[in-house]
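Heads up, the thing below is written out as structure tokens.
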Amino acid sequence: MQSRTPAPRATGRPRSAAADTAILAATRAALVELGWSKLTLGDVATRAGVAKTTLYRRWAGKNELVVDAVAELFDELELPDCGTLADDIEGVVLQFAAILARPEAQNGLMAVVAESCRDDALRERIRASIVDRQKRLVLQGRERAQARGELPPEADPVEAARTVDLIFDMVAGAVVHRTLVSAEAADAQWVHDFTRILLTGLTGLTGPAAE
């Protein structure tokens, strides 16, 4: 099913940030209590204390609403400054794993990813609202590590962008698979081991410095 095309936003009263916050929080609560299949915009509106028309002025349908509700969770991620690239990575990956362990994140993310397999517009919304927004963490980490001298600078912007994409895919893919597909905990030891492999590669595990 294709997503409905969002209606042009009418001029008039400014959009209420408080209403947006209430709606997204209500969406996450409904995901946990009802699950994806039973969640309706009417139920979300009731929980948020707003009119159903308020939701439709902001979101084209359930798919888009759930994407934004999940995206708000990932906006909580912050890259810590722990002094080394390895420690910074471990810190943010542990945060990411903790978010993915939350029922509202699990239910919402798995549902919209499944729906996006037959909805190209929804897939693009996931990319823009979640994936592209969180690549900021890779950019920050790389710049910080380059300033410390832990990583070499990349003069070619095209290659630099490819590196960012690759790092993001490796980190996000591994953690999502671990927590949502394998249903295993991404605990501190797993994150430490994953970070070591990420930074040294498989060959680095066989040397005398391997832990």
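Residue names in the structure tokens use chain letters A, B, ... in the order shown, residue numbers from 1 in each chain, and ligand numbers from 1 in the order shown.
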Give me the range 168-188 of chain A side of the contact with range 195-202 of chain A, cut-off 12 Å, one line per residue showing its nearest atom pair and distance in Å at one decimal, counting only C-alpha atoms, sorted by chain and residue number, as a tab-separated table.
```
residue	atom	partner	partner_atom	distance
A:Phe168	CA	A:Leu198	CA	11.3
A:Asp169	CA	A:Leu198	CA	11.7
A:Met170	CA	A:Leu198	CA	8.2
A:Val171	CA	A:Leu198	CA	8.4
A:Ala174	CA	A:Leu198	CA	10.4
A:Val175	CA	A:Thr195	CA	11.2
A:Ala186	CA	A:Thr195	CA	11.7
A:Ala188	CA	A:Thr195	CA	10.4
```
Write out as a ChimeraX atom specification the residues lying within 10 Å of Glu78 in chain A, counting only C-alpha atoms and excluding same-chain residues fewer than 4 positions away. /A:74,88,91-93,95-96,134,136-137,140
Pick out the residues sitting within 12 Å of range 116-129 of chain A, and hand them over as a PyMOL selection string; count only C-alpha atoms, and ignore anything fewer than 4 positions along from it in its own chain. chain A and resi 1-6+59-75+108-112+133-135+165
Please save N, CA and C atoms of the selected residues as a short mmCIF file (atom, residue, chain, number, x, y, z; two decimals), in the first residue's frame.
```
data_model
loop_
_atom_site.label_atom_id
_atom_site.label_comp_id
_atom_site.auth_asym_id
_atom_site.auth_seq_id
_atom_site.Cartn_x
_atom_site.Cartn_y
_atom_site.Cartn_z
N MET A 1 0.84 -1.19 0.00
CA MET A 1 0.00 0.00 0.00
C MET A 1 0.88 1.24 0.00
N GLN A 2 0.60 2.15 -0.89
CA GLN A 2 1.40 3.36 -0.98
C GLN A 2 0.91 4.39 0.02
N SER A 3 1.82 5.18 0.56
CA SER A 3 1.46 6.22 1.52
C SER A 3 0.66 7.30 0.82
N ARG A 4 -0.27 7.89 1.56
CA ARG A 4 -1.01 8.99 1.00
C ARG A 4 -0.11 10.19 0.85
N THR A 5 -0.32 10.96 -0.19
CA THR A 5 0.47 12.18 -0.39
C THR A 5 0.06 13.21 0.62
N PRO A 6 1.02 13.77 1.38
CA PRO A 6 0.67 14.76 2.40
C PRO A 6 0.00 15.97 1.77
N TRP A 59 0.51 14.55 9.58
CA TRP A 59 1.01 13.29 9.02
C TRP A 59 0.00 12.72 8.02
N ALA A 60 0.52 12.12 6.97
CA ALA A 60 -0.34 11.58 5.91
C ALA A 60 -1.06 10.32 6.35
N GLY A 61 -0.50 9.58 7.30
CA GLY A 61 -1.12 8.34 7.74
C GLY A 61 -0.31 7.70 8.84
N LYS A 62 -0.68 6.48 9.20
CA LYS A 62 -0.05 5.78 10.32
C LYS A 62 1.43 5.53 10.07
N ASN A 63 1.79 5.14 8.86
CA ASN A 63 3.19 4.84 8.57
C ASN A 63 4.11 6.01 8.90
N GLU A 64 3.74 7.18 8.38
CA GLU A 64 4.58 8.36 8.58
C GLU A 64 4.62 8.78 10.05
N LEU A 65 3.49 8.65 10.71
CA LEU A 65 3.43 9.00 12.14
C LEU A 65 4.36 8.12 12.96
N VAL A 66 4.34 6.82 12.71
CA VAL A 66 5.18 5.91 13.47
C VAL A 66 6.65 6.14 13.18
N VAL A 67 7.01 6.43 11.92
CA VAL A 67 8.40 6.75 11.60
C VAL A 67 8.88 7.92 12.43
N ASP A 68 8.09 8.98 12.49
CA ASP A 68 8.51 10.17 13.24
C ASP A 68 8.55 9.89 14.74
N ALA A 69 7.65 9.04 15.23
CA ALA A 69 7.67 8.71 16.65
C ALA A 69 8.93 7.93 17.01
N VAL A 70 9.34 7.03 16.13
CA VAL A 70 10.56 6.27 16.37
C VAL A 70 11.79 7.16 16.18
N ALA A 71 11.75 8.01 15.15
CA ALA A 71 12.89 8.90 14.88
C ALA A 71 13.19 9.79 16.08
N GLU A 72 12.15 10.22 16.79
CA GLU A 72 12.35 11.07 17.96
C GLU A 72 13.16 10.34 19.03
N LEU A 73 12.99 9.02 19.14
CA LEU A 73 13.77 8.26 20.10
C LEU A 73 15.25 8.30 19.74
N PHE A 74 15.56 8.11 18.47
CA PHE A 74 16.96 8.08 18.05
C PHE A 74 17.61 9.47 18.11
N ASP A 75 16.79 10.51 18.11
CA ASP A 75 17.34 11.86 18.28
C ASP A 75 17.93 12.06 19.67
N GLY A 108 7.88 -0.27 16.66
CA GLY A 108 7.76 0.73 15.61
C GLY A 108 8.73 0.51 14.47
N LEU A 109 10.00 0.27 14.79
CA LEU A 109 11.00 0.13 13.75
C LEU A 109 10.75 -1.11 12.90
N MET A 110 10.48 -2.23 13.53
CA MET A 110 10.23 -3.45 12.77
C MET A 110 9.01 -3.30 11.87
N ALA A 111 7.99 -2.62 12.36
CA ALA A 111 6.76 -2.47 11.58
C ALA A 111 6.97 -1.59 10.36
N VAL A 112 7.61 -0.43 10.53
CA VAL A 112 7.75 0.46 9.39
C VAL A 112 8.76 -0.07 8.37
N ARG A 133 19.60 11.44 9.50
CA ARG A 133 19.75 12.29 10.68
C ARG A 133 20.79 11.75 11.62
N GLN A 134 20.88 10.43 11.77
CA GLN A 134 21.81 9.86 12.73
C GLN A 134 23.22 9.69 12.19
N LYS A 135 23.42 9.93 10.90
CA LYS A 135 24.79 9.92 10.37
C LYS A 135 25.61 11.06 10.95
N ASP A 165 29.00 6.58 5.15
CA ASP A 165 27.92 5.63 4.87
C ASP A 165 28.29 4.22 5.31
#
```
Going by DSSP on the backbone, which bits of chain A are alpha helix (DSSP H)? Write them as a PyMOL selection string, please. chain A and resi 17-34+41-48+52-58+62-74+85-100+103-116+120-126+132-148+157-176+188-200
If you count only C-alpha atoms, which residues fall within 12 Å of Ser16 in chain A, apart from same-chain ones fewer than 6 positions away, as a ChimeraX atom specification? /A:22-23,50,54-55,57-58
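Proximity to Arg142 in chain A was assessed for A:Ile89, A:Ala26, A:Val181, A:Cys82 counting only C-alpha atoms; the smallest distance is recorded for A:Ile89.
Taking CA of Val44 in chain A as the reference point, CA of Thr27 in chain A is found at 5.6 Å.
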Residues within 7 Å of Lys52 in chain A, please, as a PyMOL selection string. Count only C-alpha atoms; anything in the same chain fewer than 6 positions from it doesn't count. chain A and resi 41-42+45
Write the residues of the selection above to a file with C-alpha atoms, as an mmCIF file, in the first residue's frame.
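So selection17.cif came out as:
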```cif
data_model
loop_
_atom_site.group_PDB
_atom_site.id
_atom_site.type_symbol
_atom_site.label_atom_id
_atom_site.label_comp_id
_atom_site.auth_asym_id
_atom_site.auth_seq_id
_atom_site.Cartn_x
_atom_site.Cartn_y
_atom_site.Cartn_z
ATOM 1 C CA LEU A 41 -4.927 7.503 14.428
ATOM 2 C CA GLY A 42 -8.153 7.863 16.371
ATOM 3 C CA ALA A 45 -5.547 11.383 19.020
#
```
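Non-sequential neighbours of Glu90 in chain A (distance at most 7 Å, separation of 4 or more positions within a chain, only C-alpha atoms) are A:Ala86, A:Leu94, A:Val191, A:His192, A:Thr195.
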